[in-house]
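S.K.: Next comes the structure file work.cif, holding mmCIF, N, CA and C atoms.
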data_target
#
loop_
_atom_site.group_PDB
_atom_site.id
_atom_site.type_symbol
_atom_site.label_atom_id
_atom_site.label_comp_id
_atom_site.auth_asym_id
_atom_site.auth_seq_id
_atom_site.Cartn_x
_atom_site.Cartn_y
_atom_site.Cartn_z
ATOM 1 N N MET A 226 60.965 34.767 178.525
ATOM 2 C CA MET A 226 59.790 34.448 179.317
ATOM 3 C C MET A 226 60.205 34.110 180.743
ATOM 4 N N ASN A 227 59.428 34.592 181.715
ATOM 5 C CA ASN A 227 59.679 34.341 183.123
ATOM 6 C C ASN A 227 59.196 32.934 183.469
ATOM 7 N N GLU A 228 60.117 32.042 183.743
ATOM 8 C CA GLU A 228 59.764 30.649 184.024
ATOM 9 C C GLU A 228 59.838 30.332 185.506
ATOM 10 N N TYR A 229 59.859 31.338 186.340
ATOM 11 C CA TYR A 229 59.884 31.120 187.784
ATOM 12 C C TYR A 229 58.484 30.785 188.266
ATOM 13 N N ARG A 230 58.418 30.017 189.354
ATOM 14 C CA ARG A 230 57.131 29.594 189.904
ATOM 15 C C ARG A 230 57.042 30.000 191.368
ATOM 16 N N VAL A 231 55.836 30.191 191.836
ATOM 17 C CA VAL A 231 55.610 30.494 193.247
ATOM 18 C C VAL A 231 56.123 29.316 194.077
ATOM 19 N N GLY A 232 56.886 29.633 195.115
ATOM 20 C CA GLY A 232 57.445 28.599 195.983
ATOM 21 C C GLY A 232 58.809 28.098 195.556
ATOM 22 N N GLN A 233 59.284 28.530 194.403
ATOM 23 C CA GLN A 233 60.590 28.073 193.917
ATOM 24 C C GLN A 233 61.711 28.726 194.715
ATOM 25 N N VAL A 234 62.712 27.932 195.055
ATOM 26 C CA VAL A 234 63.873 28.441 195.767
ATOM 27 C C VAL A 234 64.856 28.975 194.731
ATOM 28 N N VAL A 235 65.332 30.197 194.960
ATOM 29 C CA VAL A 235 66.254 30.855 194.030
ATOM 30 C C VAL A 235 67.440 31.406 194.811
ATOM 31 N N ARG A 236 68.511 31.720 194.082
ATOM 32 C CA ARG A 236 69.704 32.333 194.680
ATOM 33 C C ARG A 236 69.931 33.665 193.986
ATOM 34 N N SER A 237 70.207 34.692 194.771
ATOM 35 C CA SER A 237 70.455 36.016 194.226
ATOM 36 C C SER A 237 71.846 36.070 193.596
ATOM 37 N N LYS A 238 71.930 36.589 192.364
ATOM 38 C CA LYS A 238 73.207 36.709 191.662
ATOM 39 C C LYS A 238 73.773 38.115 191.717
ATOM 40 N N ALA A 239 72.965 39.098 192.140
ATOM 41 C CA ALA A 239 73.420 40.489 192.134
ATOM 42 C C ALA A 239 72.747 41.269 193.248
ATOM 43 N N GLY A 240 73.369 42.355 193.624
ATOM 44 C CA GLY A 240 72.817 43.224 194.655
ATOM 45 C C GLY A 240 73.428 42.941 196.010
ATOM 46 N N ARG A 241 72.971 43.660 197.005
ATOM 47 C CA ARG A 241 73.539 43.483 198.343
ATOM 48 C C ARG A 241 73.158 42.151 198.959
ATOM 49 N N ASP A 242 72.171 41.479 198.387
ATOM 50 C CA ASP A 242 71.776 40.155 198.866
ATOM 51 C C ASP A 242 72.396 39.024 198.038
ATOM 52 N N LYS A 243 73.436 39.334 197.294
ATOM 53 C CA LYS A 243 74.101 38.362 196.421
ATOM 54 C C LYS A 243 74.500 37.103 197.207
ATOM 55 N N GLY A 244 74.167 35.932 196.640
ATOM 56 C CA GLY A 244 74.524 34.656 197.244
ATOM 57 C C GLY A 244 73.492 34.108 198.204
ATOM 58 N N GLN A 245 72.488 34.890 198.558
ATOM 59 C CA GLN A 245 71.467 34.434 199.497
ATOM 60 C C GLN A 245 70.378 33.651 198.780
ATOM 61 N N TYR A 246 69.875 32.639 199.460
ATOM 62 C CA TYR A 246 68.749 31.869 198.943
ATOM 63 C C TYR A 246 67.455 32.521 199.396
ATOM 64 N N MET A 247 66.468 32.498 198.507
ATOM 65 C CA MET A 247 65.162 33.100 198.774
ATOM 66 C C MET A 247 64.085 32.238 198.142
ATOM 67 N N VAL A 248 62.856 32.509 198.511
ATOM 68 C CA VAL A 248 61.704 31.804 197.954
ATOM 69 C C VAL A 248 60.869 32.808 197.168
ATOM 70 N N VAL A 249 60.424 32.401 195.981
ATOM 71 C CA VAL A 249 59.562 33.252 195.158
ATOM 72 C C VAL A 249 58.175 33.276 195.797
ATOM 73 N N ILE A 250 57.732 34.466 196.173
ATOM 74 C CA ILE A 250 56.425 34.661 196.799
ATOM 75 C C ILE A 250 55.371 34.974 195.740
ATOM 76 N N GLU A 251 55.790 35.687 194.696
ATOM 77 C CA GLU A 251 54.858 36.107 193.643
ATOM 78 C C GLU A 251 55.636 36.335 192.359
ATOM 79 N N VAL A 252 55.034 35.970 191.236
ATOM 80 C CA VAL A 252 55.592 36.283 189.925
ATOM 81 C C VAL A 252 54.831 37.511 189.438
ATOM 82 N N VAL A 253 55.543 38.639 189.319
ATOM 83 C CA VAL A 253 54.905 39.910 188.970
ATOM 84 C C VAL A 253 54.617 39.973 187.477
ATOM 85 N N ASP A 254 55.661 39.801 186.669
ATOM 86 C CA ASP A 254 55.514 39.822 185.217
ATOM 87 C C ASP A 254 56.714 39.121 184.600
ATOM 88 N N GLU A 255 56.985 39.403 183.346
ATOM 89 C CA GLU A 255 58.072 38.735 182.632
ATOM 90 C C GLU A 255 59.452 39.052 183.207
ATOM 91 N N GLN A 256 59.612 40.216 183.826
ATOM 92 C CA GLN A 256 60.930 40.646 184.282
ATOM 93 C C GLN A 256 61.116 40.636 185.793
ATOM 94 N N PHE A 257 60.034 40.560 186.563
ATOM 95 C CA PHE A 257 60.148 40.710 188.011
ATOM 96 C C PHE A 257 59.451 39.602 188.790
ATOM 97 N N THR A 258 60.024 39.291 189.949
ATOM 98 C CA THR A 258 59.386 38.423 190.931
ATOM 99 C C THR A 258 59.490 39.099 192.292
ATOM 100 N N MET A 259 58.696 38.640 193.227
ATOM 101 C CA MET A 259 58.783 39.088 194.610
ATOM 102 C C MET A 259 59.367 37.922 195.400
ATOM 103 N N VAL A 260 60.457 38.183 196.138
ATOM 104 C CA VAL A 260 61.141 37.117 196.869
ATOM 105 C C VAL A 260 61.286 37.487 198.341
ATOM 106 N N SER A 261 61.383 36.443 199.167
ATOM 107 C CA SER A 261 61.537 36.630 200.608
ATOM 108 C C SER A 261 62.481 35.575 201.142
ATOM 109 N N ASN A 262 63.254 35.953 202.181
ATOM 110 C CA ASN A 262 64.108 34.967 202.843
ATOM 111 C C ASN A 262 63.714 34.774 204.299
ATOM 112 N N GLY A 263 62.697 35.488 204.769
ATOM 113 C CA GLY A 263 62.207 35.326 206.125
ATOM 114 C C GLY A 263 63.051 36.008 207.183
ATOM 115 N N LYS A 264 64.164 36.601 206.799
ATOM 116 C CA LYS A 264 65.028 37.303 207.755
ATOM 117 C C LYS A 264 64.982 38.793 207.454
ATOM 118 N N LEU A 265 65.850 39.235 206.558
ATOM 119 C CA LEU A 265 65.877 40.651 206.196
ATOM 120 C C LEU A 265 64.699 41.017 205.300
ATOM 121 N N ARG A 266 64.302 40.105 204.458
ATOM 122 C CA ARG A 266 63.153 40.317 203.578
ATOM 123 C C ARG A 266 62.010 39.444 204.063
ATOM 124 N N LYS A 267 61.130 40.060 204.828
ATOM 125 C CA LYS A 267 60.001 39.352 205.423
ATOM 126 C C LYS A 267 58.927 39.094 204.373
ATOM 127 N N VAL A 268 58.043 38.171 204.682
ATOM 128 C CA VAL A 268 56.931 37.847 203.787
ATOM 129 C C VAL A 268 56.025 39.066 203.618
ATOM 130 N N SER A 269 55.894 39.863 204.659
ATOM 131 C CA SER A 269 55.028 41.043 204.593
ATOM 132 C C SER A 269 55.621 42.159 203.737
ATOM 133 N N ASN A 270 56.937 42.102 203.477
ATOM 134 C CA ASN A 270 57.602 43.128 202.677
ATOM 135 C C ASN A 270 58.643 42.465 201.767
ATOM 136 N N PRO A 271 58.193 41.661 200.799
ATOM 137 C CA PRO A 271 59.155 40.963 199.934
ATOM 138 C C PRO A 271 59.889 41.917 199.012
ATOM 139 N N LYS A 272 61.017 41.456 198.505
ATOM 140 C CA LYS A 272 61.842 42.268 197.606
ATOM 141 C C LYS A 272 61.417 42.022 196.158
ATOM 142 N N LYS A 273 61.245 43.096 195.426
ATOM 143 C CA LYS A 273 60.975 42.998 193.999
ATOM 144 C C LYS A 273 62.331 42.827 193.321
ATOM 145 N N LYS A 274 62.530 41.714 192.645
ATOM 146 C CA LYS A 274 63.836 41.371 192.096
ATOM 147 C C LYS A 274 63.691 41.031 190.617
ATOM 148 N N LYS A 275 64.617 41.553 189.808
ATOM 149 C CA LYS A 275 64.632 41.208 188.386
ATOM 150 C C LYS A 275 65.036 39.748 188.226
ATOM 151 N N VAL A 276 64.383 39.058 187.299
ATOM 152 C CA VAL A 276 64.687 37.642 187.104
ATOM 153 C C VAL A 276 66.102 37.432 186.587
ATOM 154 N N LYS A 277 66.666 38.416 185.892
ATOM 155 C CA LYS A 277 68.033 38.255 185.397
ATOM 156 C C LYS A 277 69.049 38.288 186.538
ATOM 157 N N HIS A 278 68.624 38.735 187.722
ATOM 158 C CA HIS A 278 69.502 38.759 188.885
ATOM 159 C C HIS A 278 69.289 37.559 189.805
ATOM 160 N N LEU A 279 68.526 36.572 189.326
ATOM 161 C CA LEU A 279 68.254 35.371 190.110
ATOM 162 C C LEU A 279 68.750 34.129 189.394
ATOM 163 N N ALA A 280 69.213 33.162 190.171
ATOM 164 C CA ALA A 280 69.591 31.856 189.628
ATOM 165 C C ALA A 280 68.594 30.835 190.164
ATOM 166 N N LYS A 281 68.016 30.052 189.269
ATOM 167 C CA LYS A 281 67.034 29.050 189.664
ATOM 168 C C LYS A 281 67.697 27.883 190.370
ATOM 169 N N THR A 282 66.957 27.281 191.275
ATOM 170 C CA THR A 282 67.309 25.952 191.752
ATOM 171 C C THR A 282 66.232 25.031 191.188
ATOM 172 N N ASN A 283 66.437 23.765 191.277
ATOM 173 C CA ASN A 283 65.459 22.816 190.755
ATOM 174 C C ASN A 283 64.477 22.374 191.819
ATOM 175 N N HIS A 284 64.265 23.200 192.835
ATOM 176 C CA HIS A 284 63.397 22.811 193.933
ATOM 177 C C HIS A 284 62.290 23.826 194.163
ATOM 178 N N ILE A 285 61.119 23.299 194.475
ATOM 179 C CA ILE A 285 59.983 24.118 194.864
ATOM 180 C C ILE A 285 59.600 23.709 196.281
ATOM 181 N N ALA A 286 59.441 24.684 197.160
ATOM 182 C CA ALA A 286 58.991 24.425 198.522
ATOM 183 C C ALA A 286 57.482 24.196 198.448
ATOM 184 N N THR A 287 57.082 22.933 198.426
ATOM 185 C CA THR A 287 55.680 22.581 198.185
ATOM 186 C C THR A 287 54.746 23.119 199.263
ATOM 187 N N ASP A 288 55.178 23.098 200.515
ATOM 188 C CA ASP A 288 54.326 23.615 201.596
ATOM 189 C C ASP A 288 54.043 25.099 201.393
ATOM 190 N N ILE A 289 55.083 25.844 201.062
ATOM 191 C CA ILE A 289 54.946 27.286 200.842
ATOM 192 C C ILE A 289 54.073 27.552 199.623
ATOM 193 N N ARG A 290 54.353 26.848 198.531
ATOM 194 C CA ARG A 290 53.577 27.037 197.295
ATOM 195 C C ARG A 290 52.094 26.803 197.542
ATOM 196 N N ASP A 291 51.763 25.702 198.200
ATOM 197 C CA ASP A 291 50.360 25.365 198.433
ATOM 198 C C ASP A 291 49.658 26.412 199.295
ATOM 199 N N LYS A 292 50.346 26.899 200.323
ATOM 200 C CA LYS A 292 49.737 27.919 201.182
ATOM 201 C C LYS A 292 49.485 29.211 200.410
ATOM 202 N N ILE A 293 50.460 29.649 199.620
ATOM 203 C CA ILE A 293 50.302 30.898 198.870
ATOM 204 C C ILE A 293 49.184 30.770 197.846
ATOM 205 N N LEU A 294 49.157 29.664 197.114
ATOM 206 C CA LEU A 294 48.146 29.486 196.072
ATOM 207 C C LEU A 294 46.743 29.321 196.647
ATOM 208 N N ASN A 295 46.639 28.853 197.910
ATOM 209 C CA ASN A 295 45.334 28.703 198.553
ATOM 210 C C ASN A 295 44.943 29.924 199.369
ATOM 211 N N GLY A 296 45.757 30.992 199.321
ATOM 212 C CA GLY A 296 45.430 32.228 199.996
ATOM 213 C C GLY A 296 45.673 32.216 201.495
ATOM 214 N N LYS A 297 46.431 31.254 201.982
ATOM 215 C CA LYS A 297 46.731 31.187 203.413
ATOM 216 C C LYS A 297 47.994 31.985 203.702
ATOM 217 N N ASN A 298 48.162 32.372 204.960
ATOM 218 C CA ASN A 298 49.334 33.131 205.368
ATOM 219 C C ASN A 298 50.552 32.232 205.504
ATOM 220 N N VAL A 299 51.677 32.723 205.046
ATOM 221 C CA VAL A 299 52.956 32.035 205.195
ATOM 222 C C VAL A 299 53.767 32.829 206.207
ATOM 223 N N THR A 300 54.384 32.133 207.159
ATOM 224 C CA THR A 300 55.162 32.838 208.179
ATOM 225 C C THR A 300 56.625 32.913 207.766
ATOM 226 N N ASN A 301 57.316 33.871 208.350
ATOM 227 C CA ASN A 301 58.749 34.012 208.099
ATOM 228 C C ASN A 301 59.507 32.796 208.608
ATOM 229 N N ALA A 302 59.044 32.207 209.695
ATOM 230 C CA ALA A 302 59.693 31.017 210.251
ATOM 231 C C ALA A 302 59.620 29.849 209.266
ATOM 232 N N GLU A 303 58.510 29.713 208.556
ATOM 233 C CA GLU A 303 58.379 28.644 207.565
ATOM 234 C C GLU A 303 59.375 28.845 206.420
ATOM 235 N N ILE A 304 59.527 30.084 205.989
ATOM 236 C CA ILE A 304 60.489 30.391 204.924
ATOM 237 C C ILE A 304 61.905 30.073 205.399
ATOM 238 N N ARG A 305 62.254 30.523 206.598
ATOM 239 C CA ARG A 305 63.596 30.264 207.137
ATOM 240 C C ARG A 305 63.863 28.775 207.269
ATOM 241 N N LYS A 306 62.863 28.009 207.705
ATOM 242 C CA LYS A 306 63.041 26.564 207.876
ATOM 243 C C LYS A 306 63.327 25.885 206.537
ATOM 244 N N ILE A 307 62.617 26.287 205.502
ATOM 245 C CA ILE A 307 62.845 25.723 204.165
ATOM 246 C C ILE A 307 64.257 26.059 203.685
ATOM 247 N N LEU A 308 64.688 27.292 203.903
ATOM 248 C CA LEU A 308 65.983 27.732 203.394
ATOM 249 C C LEU A 308 67.161 27.205 204.217
ATOM 250 N N GLU A 309 66.927 26.770 205.453
ATOM 251 C CA GLU A 309 68.010 26.208 206.279
ATOM 252 C C GLU A 309 68.691 25.034 205.595
ATOM 253 N N SER A 310 67.921 24.211 204.926
ATOM 254 C CA SER A 310 68.481 23.008 204.300
ATOM 255 C C SER A 310 69.435 23.340 203.164
ATOM 256 N N TYR A 311 69.361 24.557 202.624
ATOM 257 C CA TYR A 311 70.277 24.939 201.549
ATOM 258 C C TYR A 311 71.653 25.311 202.082
ATOM 259 N N HIS A 312 71.746 25.468 203.391
ATOM 260 C CA HIS A 312 73.026 25.785 204.009
ATOM 261 C C HIS A 312 73.565 24.606 204.805
ATOM 262 N N MET A 313 72.835 23.471 204.766
ATOM 263 C CA MET A 313 73.249 22.288 205.515
ATOM 264 C C MET A 313 73.889 21.267 204.588
ATOM 265 N N PRO A 314 74.815 20.467 205.102
ATOM 266 C CA PRO A 314 75.416 19.422 204.274
ATOM 267 C C PRO A 314 74.427 18.304 203.981
ATOM 268 N N ASP A 315 74.609 17.665 202.877
ATOM 269 C CA ASP A 315 73.836 16.476 202.483
ATOM 270 C C ASP A 315 72.345 16.732 202.299
ATOM 271 N N GLY A 316 71.943 17.989 202.143
ATOM 272 C CA GLY A 316 70.546 18.289 201.849
ATOM 273 C C GLY A 316 69.575 17.870 202.923
ATOM 274 N N ILE A 317 69.955 17.989 204.191
ATOM 275 C CA ILE A 317 69.046 17.651 205.276
ATOM 276 C C ILE A 317 67.819 18.533 205.137
ATOM 277 N N GLY A 318 66.656 17.948 205.235
ATOM 278 C CA GLY A 318 65.421 18.709 205.098
ATOM 279 C C GLY A 318 64.828 18.614 203.713
ATOM 280 N N ASP A 319 65.248 17.659 202.918
ATOM 281 C CA ASP A 319 64.750 17.520 201.543
ATOM 282 C C ASP A 319 63.308 17.049 201.468
ATOM 283 N N GLU A 320 62.705 16.676 202.591
ATOM 284 C CA GLU A 320 61.336 16.145 202.544
ATOM 285 C C GLU A 320 60.311 17.182 202.134
ATOM 286 N N ASN A 321 60.628 18.461 202.239
ATOM 287 C CA ASN A 321 59.679 19.515 201.873
ATOM 288 C C ASN A 321 59.988 20.121 200.508
ATOM 289 N N ARG A 322 60.708 19.398 199.684
ATOM 290 C CA ARG A 322 61.074 19.917 198.355
ATOM 291 C C ARG A 322 60.489 19.053 197.257
ATOM 292 N N GLU A 323 60.322 19.677 196.133
ATOM 293 C CA GLU A 323 59.883 18.978 194.937
ATOM 294 C C GLU A 323 60.822 19.352 193.814
ATOM 295 N N GLU A 324 61.261 18.380 193.055
ATOM 296 C CA GLU A 324 62.129 18.643 191.907
ATOM 297 C C GLU A 324 61.300 19.274 190.802
ATOM 298 N N VAL A 325 61.886 20.230 190.103
ATOM 299 C CA VAL A 325 61.217 20.877 188.961
ATOM 300 C C VAL A 325 61.684 20.232 187.697
#
What would you get if you wrote out this structure as structure tokens?

M.R.:
Amino acid sequence: MNEYRVGQVVRSKAGRDKGQYMVVIEVVDEQFTMVSNGKLRKVSNPKKKKVKHLAKTNHIATDIRDKILNGKNVTNAEIRKILESYHMPDGIGDENREEV
């Protein structure tokens, strides 16, 4: 069963984007999600990724999740800002995360 959620931060385990952090934009079905990192994979053209090629983190970007679920537009800059904290020491920027 696909246990990924909209707004969840994930890490790619396979493919040319291996090791990159992304945000789940949409859960397609049991095997696929749509993910974006705001750089190479924009919100307007997310990547369809198999869930077996993703590693979950225990964090959901609450701002992103709420905007997507309410039908509002999410910008690439917002995605990049959320993902910056995953590359920073000591988890700077944790105020926009929720533990799963």

S.K.: When you draw a straight line from atom N of Glu255 in chain A to atom C of Ala280 in chain A, how long is it in Å?

M.R.: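 So the two atoms, atom N of Glu255 in chain A and atom C of Ala280 in chain A, lie 16.0 Å apart.
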
S.K.: Please enumerate the residues selected by the PyMOL selection byres (((chain A and resi 295-309 and name CA) around 7) and name CA) when evaluated against the supplied file, formatted as a ChimeraX atom specification.

M.R.: /A:246,262-263,267-268,286,289,291-294,310-313

S.K.: Using only C-alpha atoms for the distances, tell me which of A:Lys243, A:Arg230, A:Arg266, A:Lys238 is nearest to His278 in chain A.

M.R.: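 The answer is A:Lys238, which sits nearest to His278 in chain A.
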
S.K.: Between atom C of Glu251 in chain A and atom C of Lys273 in chain A, what is the spacing in Å?

M.R.: 9.4 Å

S.K.: Taking only chain A into account, list the residues labelled helix (DSSP H, G or I) by DSSP (computed from the backbone), as a PDB file with N, CA and C atoms, in the frame of the given file.

M.R.:
ATOM      1  N   VAL A 276      64.383  39.058 187.299  1.00  0.00           N
ATOM      2  CA  VAL A 276      64.687  37.642 187.104  1.00  0.00           C
ATOM      3  C   VAL A 276      66.102  37.432 186.587  1.00  0.00           C
ATOM      4  N   LYS A 277      66.666  38.416 185.892  1.00  0.00           N
ATOM      5  CA  LYS A 277      68.033  38.255 185.397  1.00  0.00           C
ATOM      6  C   LYS A 277      69.049  38.288 186.538  1.00  0.00           C
ATOM      7  N   HIS A 278      68.624  38.735 187.722  1.00  0.00           N
ATOM      8  CA  HIS A 278      69.502  38.759 188.885  1.00  0.00           C
ATOM      9  C   HIS A 278      69.289  37.559 189.805  1.00  0.00           C
ATOM     10  N   THR A 287      57.082  22.933 198.426  1.00  0.00           N
ATOM     11  CA  THR A 287      55.680  22.581 198.185  1.00  0.00           C
ATOM     12  C   THR A 287      54.746  23.119 199.263  1.00  0.00           C
ATOM     13  N   ASP A 288      55.178  23.098 200.515  1.00  0.00           N
ATOM     14  CA  ASP A 288      54.326  23.615 201.596  1.00  0.00           C
ATOM     15  C   ASP A 288      54.043  25.099 201.393  1.00  0.00           C
ATOM     16  N   ILE A 289      55.083  25.844 201.062  1.00  0.00           N
ATOM     17  CA  ILE A 289      54.946  27.286 200.842  1.00  0.00           C
ATOM     18  C   ILE A 289      54.073  27.552 199.623  1.00  0.00           C
ATOM     19  N   ARG A 290      54.353  26.848 198.531  1.00  0.00           N
ATOM     20  CA  ARG A 290      53.577  27.037 197.295  1.00  0.00           C
ATOM     21  C   ARG A 290      52.094  26.803 197.542  1.00  0.00           C
ATOM     22  N   ASP A 291      51.763  25.702 198.200  1.00  0.00           N
ATOM     23  CA  ASP A 291      50.360  25.365 198.433  1.00  0.00           C
ATOM     24  C   ASP A 291      49.658  26.412 199.295  1.00  0.00           C
ATOM     25  N   LYS A 292      50.346  26.899 200.323  1.00  0.00           N
ATOM     26  CA  LYS A 292      49.737  27.919 201.182  1.00  0.00           C
ATOM     27  C   LYS A 292      49.485  29.211 200.410  1.00  0.00           C
ATOM     28  N   ILE A 293      50.460  29.649 199.620  1.00  0.00           N
ATOM     29  CA  ILE A 293      50.302  30.898 198.870  1.00  0.00           C
ATOM     30  C   ILE A 293      49.184  30.770 197.846  1.00  0.00           C
ATOM     31  N   LEU A 294      49.157  29.664 197.114  1.00  0.00           N
ATOM     32  CA  LEU A 294      48.146  29.486 196.072  1.00  0.00           C
ATOM     33  C   LEU A 294      46.743  29.321 196.647  1.00  0.00           C
ATOM     34  N   ASN A 301      57.316  33.871 208.350  1.00  0.00           N
ATOM     35  CA  ASN A 301      58.749  34.012 208.099  1.00  0.00           C
ATOM     36  C   ASN A 301      59.507  32.796 208.608  1.00  0.00           C
ATOM     37  N   ALA A 302      59.044  32.207 209.695  1.00  0.00           N
ATOM     38  CA  ALA A 302      59.693  31.017 210.251  1.00  0.00           C
ATOM     39  C   ALA A 302      59.620  29.849 209.266  1.00  0.00           C
ATOM     40  N   GLU A 303      58.510  29.713 208.556  1.00  0.00           N
ATOM     41  CA  GLU A 303      58.379  28.644 207.565  1.00  0.00           C
ATOM     42  C   GLU A 303      59.375  28.845 206.420  1.00  0.00           C
ATOM     43  N   ILE A 304      59.527  30.084 205.989  1.00  0.00           N
ATOM     44  CA  ILE A 304      60.489  30.391 204.924  1.00  0.00           C
ATOM     45  C   ILE A 304      61.905  30.073 205.399  1.00  0.00           C
ATOM     46  N   ARG A 305      62.254  30.523 206.598  1.00  0.00           N
ATOM     47  CA  ARG A 305      63.596  30.264 207.137  1.00  0.00           C
ATOM     48  C   ARG A 305      63.863  28.775 207.269  1.00  0.00           C
ATOM     49  N   LYS A 306      62.863  28.009 207.705  1.00  0.00           N
ATOM     50  CA  LYS A 306      63.041  26.564 207.876  1.00  0.00           C
ATOM     51  C   LYS A 306      63.327  25.885 206.537  1.00  0.00           C
ATOM     52  N   ILE A 307      62.617  26.287 205.502  1.00  0.00           N
ATOM     53  CA  ILE A 307      62.845  25.723 204.165  1.00  0.00           C
ATOM     54  C   ILE A 307      64.257  26.059 203.685  1.00  0.00           C
ATOM     55  N   LEU A 308      64.688  27.292 203.903  1.00  0.00           N
ATOM     56  CA  LEU A 308      65.983  27.732 203.394  1.00  0.00           C
ATOM     57  C   LEU A 308      67.161  27.205 204.217  1.00  0.00           C
ATOM     58  N   GLU A 309      66.927  26.770 205.453  1.00  0.00           N
ATOM     59  CA  GLU A 309      68.010  26.208 206.279  1.00  0.00           C
ATOM     60  C   GLU A 309      68.691  25.034 205.595  1.00  0.00           C
ATOM     61  N   SER A 310      67.921  24.211 204.926  1.00  0.00           N
ATOM     62  CA  SER A 310      68.481  23.008 204.300  1.00  0.00           C
ATOM     63  C   SER A 310      69.435  23.340 203.164  1.00  0.00           C
ATOM     64  N   TYR A 311      69.361  24.557 202.624  1.00  0.00           N
ATOM     65  CA  TYR A 311      70.277  24.939 201.549  1.00  0.00           C
ATOM     66  C   TYR A 311      71.653  25.311 202.082  1.00  0.00           C
ATOM     67  N   HIS A 312      71.746  25.468 203.391  1.00  0.00           N
ATOM     68  CA  HIS A 312      73.026  25.785 204.009  1.00  0.00           C
ATOM     69  C   HIS A 312      73.565  24.606 204.805  1.00  0.00           C
ATOM     70  N   PRO A 314      74.815  20.467 205.102  1.00  0.00           N
ATOM     71  CA  PRO A 314      75.416  19.422 204.274  1.00  0.00           C
ATOM     72  C   PRO A 314      74.427  18.304 203.981  1.00  0.00           C
ATOM     73  N   ASP A 315      74.609  17.665 202.877  1.00  0.00           N
ATOM     74  CA  ASP A 315      73.836  16.476 202.483  1.00  0.00           C
ATOM     75  C   ASP A 315      72.345  16.732 202.299  1.00  0.00           C
ATOM     76  N   GLY A 316      71.943  17.989 202.143  1.00  0.00           N
ATOM     77  CA  GLY A 316      70.546  18.289 201.849  1.00  0.00           C
ATOM     78  C   GLY A 316      69.575  17.870 202.923  1.00  0.00           C
ATOM     79  N   ASP A 319      65.248  17.659 202.918  1.00  0.00           N
ATOM     80  CA  ASP A 319      64.750  17.520 201.543  1.00  0.00           C
ATOM     81  C   ASP A 319      63.308  17.049 201.468  1.00  0.00           C
ATOM     82  N   GLU A 320      62.705  16.676 202.591  1.00  0.00           N
ATOM     83  CA  GLU A 320      61.336  16.145 202.544  1.00  0.00           C
ATOM     84  C   GLU A 320      60.311  17.182 202.134  1.00  0.00           C
ATOM     85  N   ASN A 321      60.628  18.461 202.239  1.00  0.00           N
ATOM     86  CA  ASN A 321      59.679  19.515 201.873  1.00  0.00           C
ATOM     87  C   ASN A 321      59.988  20.121 200.508  1.00  0.00           C
TER      88      ASN A 321
END

S.K.: Work out how far atom N of Val234 in chain A is from atom N of Met247 in chain A, in Å to one decimal.

M.R.: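 Atom-to-atom, atom N of Met247 in chain A and atom N of Val234 in chain A are spaced 6.8 Å apart.
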
S.K.: Around all the atoms of range 237-244 of chain A listed in the file, with 5 Å of room on each side, what axis-aligned box do you get, giving centre and edge lengths in Å to one decimal, as lines of an AutoDock Vina configuration file?

M.R.:
center_x = 72.4
center_y = 38.9
center_z = 195.3
size_x = 14.3
size_y = 19.6
size_z = 17.3

S.K.: Which residue is closest to Lys277 in chain A? Choose from A:Ile250, A:Glu228, A:Gln256, A:Val235 and count all atoms listed in the file.

M.R.: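 Selected residue with least distance to Lys277 in chain A: A:Gln256.
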
S.K.: Check the DSSP output for the backbone and give back, as a PyMOL selection string, the residues of chain A in strand (DSSP E).

M.R.: chain A and resi 233-237+246-252+257-261+272-275+279-286+322-324

S.K.: Could you tell me which residues the PyMOL selection byres (((chain A and resi 254 and name CA) around 10) and name CA) returns for this structure, as a short mmCIF file (atom, residue, chain, number, x, y, z; two decimals) with N, CA and C atoms, in the frame of the given file?

M.R.:
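Output below, filename expr-v3.cif:
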data_model
loop_
_atom_site.label_atom_id
_atom_site.label_comp_id
_atom_site.auth_asym_id
_atom_site.auth_seq_id
_atom_site.Cartn_x
_atom_site.Cartn_y
_atom_site.Cartn_z
N MET A 226 60.96 34.77 178.52
CA MET A 226 59.79 34.45 179.32
C MET A 226 60.20 34.11 180.74
N ASN A 227 59.43 34.59 181.72
CA ASN A 227 59.68 34.34 183.12
C ASN A 227 59.20 32.93 183.47
N GLU A 251 55.79 35.69 194.70
CA GLU A 251 54.86 36.11 193.64
C GLU A 251 55.64 36.34 192.36
N VAL A 252 55.03 35.97 191.24
CA VAL A 252 55.59 36.28 189.92
C VAL A 252 54.83 37.51 189.44
N VAL A 253 55.54 38.64 189.32
CA VAL A 253 54.90 39.91 188.97
C VAL A 253 54.62 39.97 187.48
N GLU A 255 56.98 39.40 183.35
CA GLU A 255 58.07 38.74 182.63
C GLU A 255 59.45 39.05 183.21
N GLN A 256 59.61 40.22 183.83
CA GLN A 256 60.93 40.65 184.28
C GLN A 256 61.12 40.64 185.79
N PHE A 257 60.03 40.56 186.56
CA PHE A 257 60.15 40.71 188.01
C PHE A 257 59.45 39.60 188.79
N THR A 258 60.02 39.29 189.95
CA THR A 258 59.39 38.42 190.93
C THR A 258 59.49 39.10 192.29
N MET A 259 58.70 38.64 193.23
CA MET A 259 58.78 39.09 194.61
C MET A 259 59.37 37.92 195.40
N LYS A 275 64.62 41.55 189.81
CA LYS A 275 64.63 41.21 188.39
C LYS A 275 65.04 39.75 188.23
N VAL A 276 64.38 39.06 187.30
CA VAL A 276 64.69 37.64 187.10
C VAL A 276 66.10 37.43 186.59
#

S.K.: Smallest atom-to-atom distance to Lys274 in chain A: which of A:Gly244, A:Gly232, A:Val260, A:Ser237, using all atoms listed in the file?

M.R.: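 Once distances to Lys274 in chain A are computed over all atoms listed in the file, the minimum belongs to A:Val260.
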